[in-house]
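A.B. asks: Please read through the structure below; I'll follow up with questions.
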Amino acid sequence: MSCPCRQICLVPKPNCTRAHGDLPRHRTAGPQLAAQVMSLPLFGGLEHHVLERLMNDASALTCERRTLLFSAGTKADCFYIVLDGQVKLFALTPDGRESIVEVFTPISSFGEAAMLSQGSFPLHAEVIEDATLIRVGRRAFLATLRSDHEVAYRMLTSMCRWHQRLSSEIQHLKQQAPWQRVAEFLLALTEAREGEAVVALPFNKEILASRVGIRRESLSRVLARLRELGVRTEGNAVRIDDVGNLRRMCALASG
């Protein structure tokens, strides 16, 4: 019997024997994959059958590092969901240097606003760590929103809430000293509350600097300041001598 599923099985159909070969690195499928997708702010509170309609033109991609997904100015006919790996959004300065705007890690999405505006992508997107992505096409997505105004309203509400939360986080970040931004980023990588901890940076230091909103040349000074607080870096590994003390220092700096 042929499989009645589409390219991505969010809700497997009866008698489905599909091997899910389109997700070679990301092994979850069916309900697990649907749950991950529905955890995104864009899809908050939607039912499975609605998600199926929205994702009718979706396909899975396995991309190697340095794969360019789109360039600034190209038609925004889709958006992407990161299942694993990492993708950066960046702009090019007049002298040709990259300015990293954001780094996306599992489970996150990007490109929705450009696609919904039916315009073009304002930035470049490149894979920086081998990634498995879902490419969500525009046709079925917009057709669903046009035919079901309640779904469109619920998605708009979810996006507004997410935007408000993001704006609050950005405002909070701007009020922090550079060392505190880096310290809180590192603390978010460990569940430890006290004692020593060793964490691995999820990306290189250039991207770390961009992620926390400081200049690359300032990062060395920030790391020197953190050494005074018992934070030492060795390549991609970071050792925190006293997690509890660092958390208290961040709390005191926040007032």
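Here, A, B, ... name the chains of the structure tokens in the order displayed, residue numbers run from 1 inside each chain, and ligands are numbered from 1 in the same displayed order.
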Assign secondary structure with DSSP using the backbone only, and return the residues of region 69-224 of chain A in alpha helix (DSSP H) as an NGL selection string.

C.D. replies: :A and (112-116 or 138-147 or 149-174 or 178-187 or 205-211 or 216-224)

A.B. asks: Write the residues you've just listed into a file as a PDB file, in the first residue's frame, and include C-alpha atoms for each of them.

C.D. replies:
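Written file, result11.pdb:
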```pdb
ATOM      1  CA  GLU A 112       8.154  34.528   8.566  1.00  0.00           C
ATOM      2  CA  ALA A 113       7.750  38.304   8.489  1.00  0.00           C
ATOM      3  CA  ALA A 114       9.324  38.623   5.043  1.00  0.00           C
ATOM      4  CA  MET A 115       7.163  35.820   3.664  1.00  0.00           C
ATOM      5  CA  LEU A 116       3.941  37.154   5.165  1.00  0.00           C
ATOM      6  CA  ARG A 138       4.113  30.302   1.073  1.00  0.00           C
ATOM      7  CA  ARG A 139       1.253  29.013  -1.102  1.00  0.00           C
ATOM      8  CA  ALA A 140      -0.562  26.685   1.314  1.00  0.00           C
ATOM      9  CA  PHE A 141       0.364  28.806   4.332  1.00  0.00           C
ATOM     10  CA  LEU A 142      -1.229  31.995   2.973  1.00  0.00           C
ATOM     11  CA  ALA A 143      -4.175  30.106   1.471  1.00  0.00           C
ATOM     12  CA  THR A 144      -4.998  28.748   4.923  1.00  0.00           C
ATOM     13  CA  LEU A 145      -4.804  32.195   6.513  1.00  0.00           C
ATOM     14  CA  ARG A 146      -7.031  33.701   3.805  1.00  0.00           C
ATOM     15  CA  SER A 147      -9.655  30.972   4.182  1.00  0.00           C
ATOM     16  CA  HIS A 149      -9.672  34.244   9.614  1.00  0.00           C
ATOM     17  CA  GLU A 150      -9.802  32.775  13.126  1.00  0.00           C
ATOM     18  CA  VAL A 151      -6.501  30.986  12.540  1.00  0.00           C
ATOM     19  CA  ALA A 152      -5.003  34.184  11.119  1.00  0.00           C
ATOM     20  CA  TYR A 153      -6.147  36.138  14.187  1.00  0.00           C
ATOM     21  CA  ARG A 154      -4.749  33.541  16.615  1.00  0.00           C
ATOM     22  CA  MET A 155      -1.412  33.500  14.839  1.00  0.00           C
ATOM     23  CA  LEU A 156      -1.286  37.296  14.839  1.00  0.00           C
ATOM     24  CA  THR A 157      -2.008  37.308  18.578  1.00  0.00           C
ATOM     25  CA  SER A 158       0.766  34.782  19.229  1.00  0.00           C
ATOM     26  CA  MET A 159       3.244  36.819  17.185  1.00  0.00           C
ATOM     27  CA  CYS A 160       2.322  40.030  19.038  1.00  0.00           C
ATOM     28  CA  ARG A 161       2.894  38.360  22.401  1.00  0.00           C
ATOM     29  CA  TRP A 162       6.241  37.034  21.209  1.00  0.00           C
ATOM     30  CA  HIS A 163       7.219  40.458  19.891  1.00  0.00           C
ATOM     31  CA  GLN A 164       6.372  42.074  23.236  1.00  0.00           C
ATOM     32  CA  ARG A 165       8.453  39.497  25.092  1.00  0.00           C
ATOM     33  CA  LEU A 166      11.362  39.929  22.668  1.00  0.00           C
ATOM     34  CA  SER A 167      11.218  43.716  22.971  1.00  0.00           C
ATOM     35  CA  SER A 168      11.312  43.409  26.756  1.00  0.00           C
ATOM     36  CA  GLU A 169      14.333  41.083  26.572  1.00  0.00           C
ATOM     37  CA  ILE A 170      16.157  43.467  24.224  1.00  0.00           C
ATOM     38  CA  GLN A 171      15.479  46.405  26.535  1.00  0.00           C
ATOM     39  CA  HIS A 172      16.767  44.377  29.472  1.00  0.00           C
ATOM     40  CA  LEU A 173      19.881  43.435  27.512  1.00  0.00           C
ATOM     41  CA  LYS A 174      20.631  47.078  26.669  1.00  0.00           C
ATOM     42  CA  PRO A 178      28.864  43.830  28.606  1.00  0.00           C
ATOM     43  CA  TRP A 179      30.366  41.442  31.201  1.00  0.00           C
ATOM     44  CA  GLN A 180      26.912  40.755  32.610  1.00  0.00           C
ATOM     45  CA  ARG A 181      25.481  39.979  29.157  1.00  0.00           C
ATOM     46  CA  VAL A 182      28.191  37.390  28.558  1.00  0.00           C
ATOM     47  CA  ALA A 183      27.931  35.999  32.107  1.00  0.00           C
ATOM     48  CA  GLU A 184      24.169  35.493  31.878  1.00  0.00           C
ATOM     49  CA  PHE A 185      24.560  33.886  28.451  1.00  0.00           C
ATOM     50  CA  LEU A 186      27.068  31.417  29.936  1.00  0.00           C
ATOM     51  CA  LEU A 187      24.882  30.751  32.977  1.00  0.00           C
ATOM     52  CA  LYS A 205      33.447  33.867  19.924  1.00  0.00           C
ATOM     53  CA  GLU A 206      32.722  36.191  17.009  1.00  0.00           C
ATOM     54  CA  ILE A 207      29.137  34.968  16.911  1.00  0.00           C
ATOM     55  CA  LEU A 208      28.954  35.073  20.714  1.00  0.00           C
ATOM     56  CA  ALA A 209      29.894  38.764  20.660  1.00  0.00           C
ATOM     57  CA  SER A 210      27.222  39.505  18.069  1.00  0.00           C
ATOM     58  CA  ARG A 211      24.645  37.438  19.962  1.00  0.00           C
ATOM     59  CA  ARG A 216      34.167  41.440  18.641  1.00  0.00           C
ATOM     60  CA  GLU A 217      37.148  43.529  19.760  1.00  0.00           C
ATOM     61  CA  SER A 218      35.449  44.166  23.122  1.00  0.00           C
ATOM     62  CA  LEU A 219      34.973  40.484  23.881  1.00  0.00           C
ATOM     63  CA  SER A 220      38.606  39.979  24.976  1.00  0.00           C
ATOM     64  CA  ARG A 221      38.226  42.744  27.578  1.00  0.00           C
ATOM     65  CA  VAL A 222      34.953  41.226  28.766  1.00  0.00           C
ATOM     66  CA  LEU A 223      36.499  37.769  29.144  1.00  0.00           C
ATOM     67  CA  ALA A 224      39.410  39.317  31.080  1.00  0.00           C
TER      68      ALA A 224
END
```

A.B. asks: Determine, counting only C-alpha atoms, which protein, DNA and RNA residues have an atom within 12 Å of an atom of Thr74 (chain A); residues of the same chain fewer than 5 positions away are not included. Present the result as JSON, numbers by chain.

C.D. replies: {"A": [68, 69, 111, 114, 115, 118, 119, 120, 121, 122, 123, 124, 125]}

A.B. asks: Considering only strand (DSSP E) as DSSP defines it on the backbone, what residues of region 7-253 of chain A qualify? List them as a count of residues only.

C.D. replies: 60

A.B. asks: What is the CA of Leu46 (chain A)-CA of Val136 (chain A) distance in Å, reported with one decimal?

C.D. replies: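 So the answer is 16.4 Å.
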
A.B. asks: Can you pull out the residues contacting Leu201 (chain A)? Cut-off 9 Å, using only C-alpha atoms, and skip same-chain residues under 5 positions away; I want them as a PDB file with C-alpha atoms, in the first residue's frame.

C.D. replies:
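Below is the file part.pdb, written as the result:
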```pdb
ATOM      1  CA  LEU A 186      27.068  31.417  29.936  1.00  0.00           C
ATOM      2  CA  LEU A 189      24.094  27.028  29.309  1.00  0.00           C
ATOM      3  CA  LEU A 208      28.954  35.073  20.714  1.00  0.00           C
ATOM      4  CA  GLY A 235      39.012  27.194  23.286  1.00  0.00           C
ATOM      5  CA  ASN A 236      35.306  26.387  23.100  1.00  0.00           C
ATOM      6  CA  ALA A 237      35.079  25.289  26.741  1.00  0.00           C
ATOM      7  CA  VAL A 238      34.261  27.693  29.576  1.00  0.00           C
TER       8      VAL A 238
END
```

A.B. asks: Write out as a list of chain:residue names the residues lying within 7 Å of Ala58 (chain A), counting only C-alpha atoms and excluding same-chain residues fewer than 3 positions away.

C.D. replies: A:Ile8, A:Met55, A:Ile134, A:Arg135, A:Val136, A:Gly137

A.B. asks: Would you mind exporting the chosen residues as an mmCIF file, in the first residue's frame, restricted to N, CA and C atoms?

C.D. replies:
```cif
data_model
loop_
_atom_site.group_PDB
_atom_site.id
_atom_site.type_symbol
_atom_site.label_atom_id
_atom_site.label_comp_id
_atom_site.auth_asym_id
_atom_site.auth_seq_id
_atom_site.Cartn_x
_atom_site.Cartn_y
_atom_site.Cartn_z
ATOM 1 N N ILE A 8 6.354 15.675 4.740
ATOM 2 C CA ILE A 8 6.639 15.667 6.172
ATOM 3 C C ILE A 8 5.408 15.128 6.895
ATOM 4 N N MET A 55 1.213 23.571 6.772
ATOM 5 C CA MET A 55 2.477 22.958 6.368
ATOM 6 C C MET A 55 2.334 22.105 5.113
ATOM 7 N N ILE A 134 13.168 22.624 8.172
ATOM 8 C CA ILE A 134 11.902 22.500 7.447
ATOM 9 C C ILE A 134 11.712 23.791 6.666
ATOM 10 N N ARG A 135 11.526 23.656 5.374
ATOM 11 C CA ARG A 135 11.233 24.808 4.515
ATOM 12 C C ARG A 135 9.726 24.862 4.322
ATOM 13 N N VAL A 136 9.093 25.919 4.819
ATOM 14 C CA VAL A 136 7.637 26.065 4.757
ATOM 15 C C VAL A 136 7.288 26.995 3.608
ATOM 16 N N GLY A 137 6.657 26.440 2.572
ATOM 17 C CA GLY A 137 6.294 27.230 1.398
ATOM 18 C C GLY A 137 5.151 28.190 1.659
#
```

A.B. asks: Which residue, A:Gly213, A:Arg225, A:Ala60, A:Gly230, has the smallest gap to Ser99 (chain A) when you use only C-alpha atoms?

C.D. replies: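 Once distances to Ser99 (chain A) are computed over only C-alpha atoms, the minimum belongs to A:Gly213.
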